[in-house]
Amino acid sequence: MTKDIIRLYIITGCRRSELCRPYLTWAQIDTERGSAFIRNKNHKKDHDIMFEIPWLKEHQEILDRISAHYDWHPLIHEYPLPISSQNVYNAINIASKVSGIKFTPHDLRDTGATG
């Protein structure tokens, strides 16, 4: 599961908070149009803005696997990634330690943003 979450951050270039509950809901993902509307948690502004990112078949396949894993979670029908930003941070931290390669959630974002 952690591998899918890491992959999602790499390919979208989004921040942790932007893909976790409560900032991303299923209603923001338009698979027919191939886009998702992400609430940008820009810390330099006094308000959030929505921006559109491409939502590819690969993104949806990852979310489908995540949904299958979290099927027990009471919020899965509202949030694609029903876990908190802190849970994602912890999972990525553990993956970094286990792999022996030092990386942070922000490193994953930078990889996606420059790819």
# chains A, B, ... in the order shown; residues from 1 in each chain; ligands from 1
>>> residues_around(residues="range 73-83 of chain A", least_positions_apart="6", cutoff="10 Å", atoms="only C-alpha atoms", output="ChimeraX atom specification")
/A:5,19-29,60,63-64,66-67
>>> write_last_selection(atoms="C-alpha atoms", output="mmCIF file, in the first residue's frame")
data_model
loop_
_atom_site.group_PDB
_atom_site.id
_atom_site.type_symbol
_atom_site.label_atom_id
_atom_site.label_comp_id
_atom_site.auth_asym_id
_atom_site.auth_seq_id
_atom_site.Cartn_x
_atom_site.Cartn_y
_atom_site.Cartn_z
ATOM 1 C CA ILE A 5 0.825 6.040 -2.031
ATOM 2 C CA LEU A 19 -4.124 14.337 -1.610
ATOM 3 C CA CYS A 20 -5.261 13.351 1.888
ATOM 4 C CA ARG A 21 -8.560 13.871 3.605
ATOM 5 C CA PRO A 22 -10.193 16.310 3.885
ATOM 6 C CA TYR A 23 -8.696 18.210 0.939
ATOM 7 C CA LEU A 24 -9.308 15.701 -1.878
ATOM 8 C CA THR A 25 -12.739 14.182 -2.354
ATOM 9 C CA TRP A 26 -14.054 11.846 -5.034
ATOM 10 C CA ALA A 27 -16.192 14.754 -6.288
ATOM 11 C CA GLN A 28 -13.013 16.589 -7.357
ATOM 12 C CA ILE A 29 -11.914 13.798 -9.714
ATOM 13 C CA GLN A 60 -7.104 6.034 -11.136
ATOM 14 C CA LEU A 63 -6.536 5.028 -6.265
ATOM 15 C CA ASP A 64 -8.563 1.898 -7.019
ATOM 16 C CA ILE A 66 -5.778 2.124 -2.367
ATOM 17 C CA SER A 67 -9.585 2.068 -2.125
#
>>> select_by_dssp(residues="chain A", states="helix (DSSP H, G or I)", output="MDAnalysis selection string")
chainID A and resid 2:12 16:19 26:28 57:69 85:99 105:114
>>> closest_residue(among="A:Ile53, A:Met1, A:Cys14, A:Leu8", to="Ser35 in chain A", atoms="only C-alpha atoms")
A:Ile53
>>> closest_atom_pairs(of="range 7-49 of chain A", to="range 91-105 of chain A", cutoff="10 Å", atoms="only C-alpha atoms", output="CSV")
residue,atom,partner,partner_atom,distance
A:Tyr9,CA,A:Pro105,CA,7.8
A:Ile10,CA,A:Pro105,CA,9.1
A:Cys14,CA,A:Pro105,CA,9.7
A:Arg15,CA,A:Pro105,CA,7.7
A:Arg16,CA,A:Pro105,CA,6.9
>>> select_by_dssp(residues="range 6-110 of chain A", states="strand (DSSP E)", output="ChimeraX atom specification")
/A:29-30,35-40,49-54
>>> write_last_selection(atoms="N, CA, C and O atoms", output="tab-separated table (two decimals), in the first residue's frame")
chain	number	residue	atom	x	y	z
A	29	ILE	N	-12.57	14.58	-8.67
A	29	ILE	CA	-11.91	13.80	-9.71
A	29	ILE	C	-12.91	13.55	-10.83
A	29	ILE	O	-13.97	12.97	-10.62
A	30	ASP	N	-12.56	14.00	-12.03
A	30	ASP	CA	-13.41	13.83	-13.20
A	30	ASP	C	-12.70	12.90	-14.17
A	30	ASP	O	-11.87	13.33	-14.97
A	35	SER	N	-9.21	14.83	-15.45
A	35	SER	CA	-8.58	15.85	-14.62
A	35	SER	C	-9.09	15.75	-13.18
A	35	SER	O	-10.12	15.17	-12.90
A	36	ALA	N	-8.30	16.31	-12.30
A	36	ALA	CA	-8.68	16.42	-10.90
A	36	ALA	C	-8.46	17.86	-10.48
A	36	ALA	O	-7.54	18.53	-10.95
A	37	PHE	N	-9.33	18.33	-9.61
A	37	PHE	CA	-9.23	19.70	-9.11
A	37	PHE	C	-8.72	19.62	-7.68
A	37	PHE	O	-9.39	19.12	-6.80
A	38	ILE	N	-7.50	20.09	-7.48
A	38	ILE	CA	-6.79	19.97	-6.23
A	38	ILE	C	-6.82	21.30	-5.50
A	38	ILE	O	-6.56	22.36	-6.09
A	39	ARG	N	-7.11	21.24	-4.21
A	39	ARG	CA	-7.07	22.45	-3.39
A	39	ARG	C	-5.61	22.70	-3.03
A	39	ARG	O	-5.00	21.94	-2.28
A	40	ASN	N	-5.05	23.76	-3.57
A	40	ASN	CA	-3.64	24.09	-3.35
A	40	ASN	C	-3.49	24.72	-1.98
A	40	ASN	O	-4.02	25.79	-1.72
A	49	ILE	N	-6.44	27.93	-3.27
A	49	ILE	CA	-6.95	28.04	-4.62
A	49	ILE	C	-7.07	26.63	-5.20
A	49	ILE	O	-6.38	25.71	-4.76
A	50	MET	N	-7.96	26.44	-6.15
A	50	MET	CA	-8.12	25.15	-6.81
A	50	MET	C	-7.32	25.18	-8.10
A	50	MET	O	-7.33	26.17	-8.83
A	51	PHE	N	-6.61	24.11	-8.37
A	51	PHE	CA	-5.94	24.02	-9.65
A	51	PHE	C	-6.22	22.64	-10.24
A	51	PHE	O	-6.51	21.69	-9.53
A	52	GLU	N	-6.16	22.59	-11.55
A	52	GLU	CA	-6.49	21.37	-12.28
A	52	GLU	C	-5.21	20.64	-12.65
A	52	GLU	O	-4.27	21.26	-13.15
A	53	ILE	N	-5.19	19.35	-12.38
A	53	ILE	CA	-4.06	18.53	-12.82
A	53	ILE	C	-4.60	17.41	-13.71
A	53	ILE	O	-5.75	17.01	-13.58
A	54	PRO	N	-3.77	16.91	-14.63
A	54	PRO	CA	-4.21	15.78	-15.44
A	54	PRO	C	-4.47	14.56	-14.54
A	54	PRO	O	-3.71	14.31	-13.61
>>> closest_residue(among="A:Tyr70, A:Leu56, A:Tyr89, A:Asp4", to="His106 in chain A", atoms="only C-alpha atoms")
A:Tyr89
>>> atom_distance(atom1="CA of Trp55 in chain A", atom2="CA of Gly34 in chain A")
4.7 Å
>>> atom_distance(atom1="CA of Gln86 in chain A", atom2="CA of Arg65 in chain A")
20.3 Å
>>> atom_distance(atom1="CA of Gly13 in chain A", atom2="CA of Leu108 in chain A")
7.1 Å
